[in-house]
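Before any comments, here is the structure.
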Amino acid sequence: METFDYVIIGSGSAGSVLANRLSEDAATTICVLEAGPSDWHPYIHLPAGFIKTFHMKSINWAYQQEPGPYTAGRSIYAPRGKTLGGSSSINGHIYNRGQRLDFDTWAQIGNRGWSYSDVLPYFKRLERRVGEGDDAYRGRDGNLTVTTMEWKDTLCEAFMAGAMSLGIPRNPDYNGAIQEGVSYCQRTIRNGLRVSAATAFLHPARKRPNVHVRTHAHATNIIFEGKRAAGVRYVKGGRGGTPVEVRANKEVILCGGTYNSPQLLQLSGVGSPELLQSLGIEVRHALPGVGEGLQDHYAPRTVARVKNIRTINQLRQGWHLWVEALKWATTRRGLLSLSPTMVYCFWHSGETTESSDLQLTFTPASYKEGVQGKLEDEPGMTVASWQQRPESRGYVRARSADPFDAPVIQTNYLAAELDRRVIVAGMKLARRLLQSHPLAPYYAYEDFPGPQVRSDDEFLAAATQRGTTTFHPGCTCRMGPADSTWAVVDDQLRVHGLQGLRVVDASIMPRMISANLNASAMMIADKASDLIRGKAVPAA
Ligand SMILES: Cc1cc2nc3c(=O)[nH]c(=O)nc-3n(C[C@H](O)[C@H](O)[C@H](O)COP(=O)(O)OP(=O)(O)OC[C@H]3O[C@@H](n4cnc5c(N)ncnc54)[C@H](O)[C@@H]3O)c2cc1C
């Protein structure tokens, strides 16, 4: 059996950063197991390819969630990257760290070393910010290029002017001192190409002889010797493929993401004894928090029909698309260099006393059924609105003992009353923004939820019928003190009660943050690399 110092399961946002950092020590050997293929496909790298990779089963786990109490019986689609770079290879490129309060809350729950001032040096160390930003908050020398959307659009400008007319200030850097305000979004795009965690961190690390990356390697369970994780069993080539085992001299590190990490722990006998027994899995270590606590951002998308101007809906039709393709090929600009969202706005619902609790995005386009994936034919503009720190929690549970079965995903969107109130407030703000004076020359009428929707109950009904995920699941292997009933890992990300096993990915977040999760998943891995190597925190 082959032996490495570290076996990393999953080459996503976290796994790629971790492989890079741990392999800086030439004497350390690292094996990265990735269930999906290499990230060669051109749609991964072309920003507008997002719309294609969204459903591409060869590089996407393409999960379905269970219908929840407030999703009107709908099973909401849950894409996840299944290739080198993981979800950072199919995501919407937005770079958003969250607020000081998010991380200070993690520390207050009992996680030493995870306050904002503790994690800021890692955000900085990872990034190469190109453009505006105070160097007290922004990094300039890291591998991860972060640029600002360069497409200057009349509708986007009018939307931002509309926000300002409602008292929302223009913020030059929402990843700086203060998040609140409106601005063009910041993106992980360089020269018109996606910067995934793989392109920024894993591929450079693969040039080192101590890094061994195995694609099409689906980990099926962690091998234990007593309470110590000693290696990983994986199947080469998916269901029916060849079983292979690798040993870890030092540690097995689970970076499978919010859905797959808890599932793999459960398949390996770590989790709630009742669940494991019901699935016929032998209990190796009782840890009831595994898979519990799932959180995500739930967004209804308010859509208005547009007049007097062309939107992306038309620019991608007929000969326009050929012009745009030529533009991208020659200048790396234009429609094909765009992300699904162009403007970000952070503001208050009035329902909580916390700092901005709403996130709104603007796109000069509209999508079928409000889901980013298929553009409508008619010109439209969309404001997605969501609650930054929801209270509702759900779970991820193995469906069976078969590692190739998709897990059961129940997010319980809007189960908490506060979440319903904040979502309704967000939709009302979205309507006010679209009806603001600067957008009036282009605003034809509201298509969804529609002018007939006026009361809070009607807004809520609309949200349950058409709201969807913003693809930010987290919190299923939560970091917290050993004496809590819910924690899975400690503040060093070691699985409670076991040795040689850590979880390092978005699943360890104890509470949802006010952001898309890619930046933080990478920050978690960068910090974990120092924890694993016993290195001091970089200077703030
Ligand atoms: C469609 C979409 C749009 C998004 N848009 C944005 C955005 O614009 N900005 C943003 O910040 N965030 C966005 N996100 C979220 C963000 O990309 C993720 O939160 C982040 O990438 C999660 O990182 P991770 O390391 O936890 O997991 P992932 O990056 O998902 O990595 C997990 C990896 O583990 C592999 N794996 C899983 N199970 C196994 C197994 N058993 N054996 C071997 N390998 C395994 C997977 O294939 C995958 O490569 C988006 C996500 C999606 C899906």
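Starting from 1 in every chain, residues are counted up; chains themselves are A, B, ... following the order of the structure tokens, and ligands are numbered from 1 as listed.
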
Practice task
Residues within 6 Å of ligand 1 should be enumerated using only C-alpha atoms and all ligand atoms and returned as a PyMOL selection string.
Solution key: chain A and resi 9-15+33-36+54+79-88+90-96+217-220+255-258+260+471-472+505-506+516-519+521

Practice task
May I have the residues within 7 Å of Gly293 (chain A) as a ChimeraX atom specification, using only C-alpha atoms and disregarding those fewer than 2 positions away in the same chain?
Solution key: /A:291,295,393-395,475-476

What's around Pro449 (chain A) at 8 Å? Count only C-alpha atoms, leave out sequence neighbours fewer than 3 positions away in its own chain, and write the answer as a PDB file with N, CA and C atoms, in the first residue's frame.
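out08.pdb written:
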```pdb
ATOM      1  N   THR A 302     -36.223  38.899  -7.821  1.00  0.00           N
ATOM      2  CA  THR A 302     -37.243  39.824  -8.325  1.00  0.00           C
ATOM      3  C   THR A 302     -36.844  40.231  -9.744  1.00  0.00           C
ATOM      4  N   VAL A 303     -37.790  40.089 -10.675  1.00  0.00           N
ATOM      5  CA  VAL A 303     -37.474  40.313 -12.092  1.00  0.00           C
ATOM      6  C   VAL A 303     -38.367  41.413 -12.651  1.00  0.00           C
ATOM      7  N   GLU A 446     -42.959  44.936 -13.393  1.00  0.00           N
ATOM      8  CA  GLU A 446     -42.420  43.836 -12.567  1.00  0.00           C
ATOM      9  C   GLU A 446     -43.030  42.519 -13.035  1.00  0.00           C
ATOM     10  N   GLN A 452     -49.376  42.451  -8.290  1.00  0.00           N
ATOM     11  CA  GLN A 452     -50.507  42.006  -7.455  1.00  0.00           C
ATOM     12  C   GLN A 452     -50.030  41.580  -6.063  1.00  0.00           C
ATOM     13  N   VAL A 453     -48.737  41.337  -5.913  1.00  0.00           N
ATOM     14  CA  VAL A 453     -48.195  40.915  -4.610  1.00  0.00           C
ATOM     15  C   VAL A 453     -47.922  42.155  -3.771  1.00  0.00           C
ATOM     16  N   PHE A 459     -45.821  38.229  -0.330  1.00  0.00           N
ATOM     17  CA  PHE A 459     -44.380  38.182  -0.632  1.00  0.00           C
ATOM     18  C   PHE A 459     -43.800  36.841  -0.186  1.00  0.00           C
ATOM     19  N   ALA A 462     -44.664  34.092  -2.513  1.00  0.00           N
ATOM     20  CA  ALA A 462     -43.855  34.170  -3.743  1.00  0.00           C
ATOM     21  C   ALA A 462     -42.450  33.636  -3.480  1.00  0.00           C
TER      22      ALA A 462
END
```

Problem - Spatial neighbours of Thr154 (chain A), 9 Å, only C-alpha atoms, chain gap at least 4 places, as a ChimeraX atom specification - result: /A:158-159,309

Go ahead and save the residues from that selection, with C-alpha atoms, as a PDB file, in the first residue's frame.
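As written to disk, selection03.pdb reads:
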```
ATOM      1  CA  ALA A 158     -28.698  53.270 -13.017  1.00  0.00           C
ATOM      2  CA  PHE A 159     -29.218  50.549 -10.402  1.00  0.00           C
ATOM      3  CA  ILE A 309     -32.124  49.239 -23.841  1.00  0.00           C
TER       4      ILE A 309
END
```

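By only C-alpha atoms, and with residues fewer than 4 positions from Thr469 (chain A) along its chain excluded, the set lying at most 7 Å from it is His297, Tyr298 and Ala299 of chain A.
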
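With only C-alpha atoms as the atoms that count, the minimum distance from Pro300 (chain A) to the choices A:Gly426, A:Pro407, A:Pro169, A:Gly181 is reached by A:Gly426.
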
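Across the structure, CA of Thr145 (chain A) and CA of Leu375 (chain A) are spaced 28.2 Å apart.
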
Practice task
Any chance you could list, as JSON, numbers by chain, the residues in region 63-178 of chain A that come up strand (DSSP E) when DSSP is run on the backbone?
Solution key: {"A": [63, 64, 77, 78, 127, 128, 129, 144, 145, 146, 147, 148]}

Write the residues of the selection above to a file with N, CA and C atoms, as a PDB file, in the first residue's frame.
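File produced: out.pdb:
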```
ATOM      1  N   TYR A  63     -26.523  17.632  -7.249  1.00  0.00           N
ATOM      2  CA  TYR A  63     -27.422  17.064  -6.237  1.00  0.00           C
ATOM      3  C   TYR A  63     -28.807  17.695  -6.294  1.00  0.00           C
ATOM      4  N   GLN A  64     -29.772  17.031  -5.733  1.00  0.00           N
ATOM      5  CA  GLN A  64     -31.110  17.591  -5.526  1.00  0.00           C
ATOM      6  C   GLN A  64     -31.375  17.624  -4.030  1.00  0.00           C
ATOM      7  N   TYR A  77     -32.373  22.343  -6.818  1.00  0.00           N
ATOM      8  CA  TYR A  77     -31.118  21.832  -7.392  1.00  0.00           C
ATOM      9  C   TYR A  77     -29.921  22.337  -6.583  1.00  0.00           C
ATOM     10  N   ALA A  78     -28.916  21.489  -6.393  1.00  0.00           N
ATOM     11  CA  ALA A  78     -27.737  21.876  -5.617  1.00  0.00           C
ATOM     12  C   ALA A  78     -26.467  21.468  -6.374  1.00  0.00           C
ATOM     13  N   GLU A 127      -4.492  36.530  -1.336  1.00  0.00           N
ATOM     14  CA  GLU A 127      -4.962  37.270  -2.521  1.00  0.00           C
ATOM     15  C   GLU A 127      -3.912  38.169  -3.159  1.00  0.00           C
ATOM     16  N   ARG A 128      -4.151  38.410  -4.445  1.00  0.00           N
ATOM     17  CA  ARG A 128      -3.419  39.439  -5.178  1.00  0.00           C
ATOM     18  C   ARG A 128      -4.475  40.404  -5.702  1.00  0.00           C
ATOM     19  N   ARG A 129      -4.805  41.366  -4.865  1.00  0.00           N
ATOM     20  CA  ARG A 129      -5.845  42.322  -5.230  1.00  0.00           C
ATOM     21  C   ARG A 129      -5.319  43.259  -6.304  1.00  0.00           C
ATOM     22  N   LEU A 144      -4.094  34.338  -5.544  1.00  0.00           N
ATOM     23  CA  LEU A 144      -5.489  34.454  -5.984  1.00  0.00           C
ATOM     24  C   LEU A 144      -5.762  35.874  -6.503  1.00  0.00           C
ATOM     25  N   THR A 145      -5.831  36.018  -7.807  1.00  0.00           N
ATOM     26  CA  THR A 145      -6.075  37.344  -8.379  1.00  0.00           C
ATOM     27  C   THR A 145      -7.529  37.752  -8.153  1.00  0.00           C
ATOM     28  N   VAL A 146      -7.722  38.955  -7.634  1.00  0.00           N
ATOM     29  CA  VAL A 146      -9.069  39.493  -7.411  1.00  0.00           C
ATOM     30  C   VAL A 146      -9.172  40.838  -8.137  1.00  0.00           C
ATOM     31  N   THR A 147     -10.033  40.900  -9.136  1.00  0.00           N
ATOM     32  CA  THR A 147     -10.217  42.124  -9.911  1.00  0.00           C
ATOM     33  C   THR A 147     -11.628  42.655  -9.671  1.00  0.00           C
ATOM     34  N   THR A 148     -11.909  43.835 -10.185  1.00  0.00           N
ATOM     35  CA  THR A 148     -13.272  44.379 -10.118  1.00  0.00           C
ATOM     36  C   THR A 148     -13.879  44.297 -11.505  1.00  0.00           C
TER      37      THR A 148
END
```

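Pairwise distance (CA of Gly176 (chain A), CA of Ser337 (chain A)) equals 24.9 Å.
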
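Closest to Phe4 (chain A) among A:Cys345, A:Val232, A:Leu531, A:Trp40 is A:Val232, based on only C-alpha atoms.
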
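Among the candidates A:Lys535, A:Lys527, A:Arg310, A:Arg233, the one nearest to Leu126 (chain A) when counting only C-alpha atoms is A:Lys527.
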
Practice task
For Gln65 (chain A), list every protein, DNA or RNA residue within 9 Å, evaluated using only C-alpha atoms, and leave out those in the same chain fewer than 6 positions away; present the list as an MDAnalysis selection string.
Solution key: chainID A and resid 74:78 408:411

Handout entry: Non-local contacts of Gly68 (chain A) (7 Å; only C-alpha atoms; under 4 positions in same chain excluded) as a list of chain:residue names
Key = A:Gly73, A:Gln410, A:Asn412, A:Tyr413

Prev. selection, C-alpha atoms, output as an mmCIF file, in the first residue's frame:
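The result, written out as result_9.cif:
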```
data_model
loop_
_atom_site.group_PDB
_atom_site.id
_atom_site.type_symbol
_atom_site.label_atom_id
_atom_site.label_comp_id
_atom_site.auth_asym_id
_atom_site.auth_seq_id
_atom_site.Cartn_x
_atom_site.Cartn_y
_atom_site.Cartn_z
ATOM 1 C CA GLY A 73 -42.974 21.132 -2.423
ATOM 2 C CA GLN A 410 -32.478 19.052 3.834
ATOM 3 C CA ASN A 412 -34.976 23.746 5.928
ATOM 4 C CA TYR A 413 -34.917 27.140 4.242
#
```

Handout entry: d(CA of Leu338 (chain A), CA of Asn313 (chain A)) in Å
Key = 13.0 Å

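Comparing the minimum interatomic distances between Leu254 (chain A) and each of A:Gly269, A:Asn221, A:Asp377, A:Asp447, counting only C-alpha atoms, we find that A:Asn221 sits nearest.
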
Those in region 263-363 of chain A with alpha helix (DSSP H) from DSSP, as a short mmCIF file (atom, residue, chain, number, x, y, z; two decimals) with C-alpha atoms, in the first residue's frame:
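Here's the written file states12.cif:
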```
data_model
loop_
_atom_site.label_atom_id
_atom_site.label_comp_id
_atom_site.auth_asym_id
_atom_site.auth_seq_id
_atom_site.Cartn_x
_atom_site.Cartn_y
_atom_site.Cartn_z
CA GLN A 263 -21.43 11.88 4.27
CA LEU A 264 -17.95 10.34 4.13
CA LEU A 265 -17.60 10.55 7.92
CA GLN A 266 -20.95 8.77 8.27
CA LEU A 267 -19.97 6.10 5.73
CA PRO A 273 -25.39 6.17 16.23
CA GLU A 274 -29.13 6.12 15.41
CA LEU A 275 -28.52 7.21 11.83
CA LEU A 276 -25.60 4.82 11.29
CA GLN A 277 -27.49 1.84 12.75
CA SER A 278 -30.52 2.61 10.59
CA ILE A 312 -27.74 40.34 -21.76
CA ASN A 313 -30.83 38.35 -22.77
CA GLN A 314 -30.52 39.81 -26.28
CA LEU A 315 -26.73 40.08 -26.43
CA GLY A 318 -28.03 35.24 -32.89
CA TRP A 319 -25.22 37.26 -34.46
CA HIS A 320 -24.68 39.28 -31.25
CA LEU A 321 -23.17 36.19 -29.69
CA TRP A 322 -20.68 35.80 -32.55
CA VAL A 323 -19.60 39.40 -32.09
CA GLU A 324 -19.17 38.78 -28.37
CA ALA A 325 -17.20 35.58 -29.01
CA LEU A 326 -14.85 37.47 -31.31
CA LYS A 327 -14.50 40.22 -28.72
CA TRP A 328 -13.55 37.71 -26.04
CA ALA A 329 -11.09 35.91 -28.33
CA THR A 330 -9.32 39.13 -29.26
CA THR A 331 -9.59 41.23 -26.07
#
```
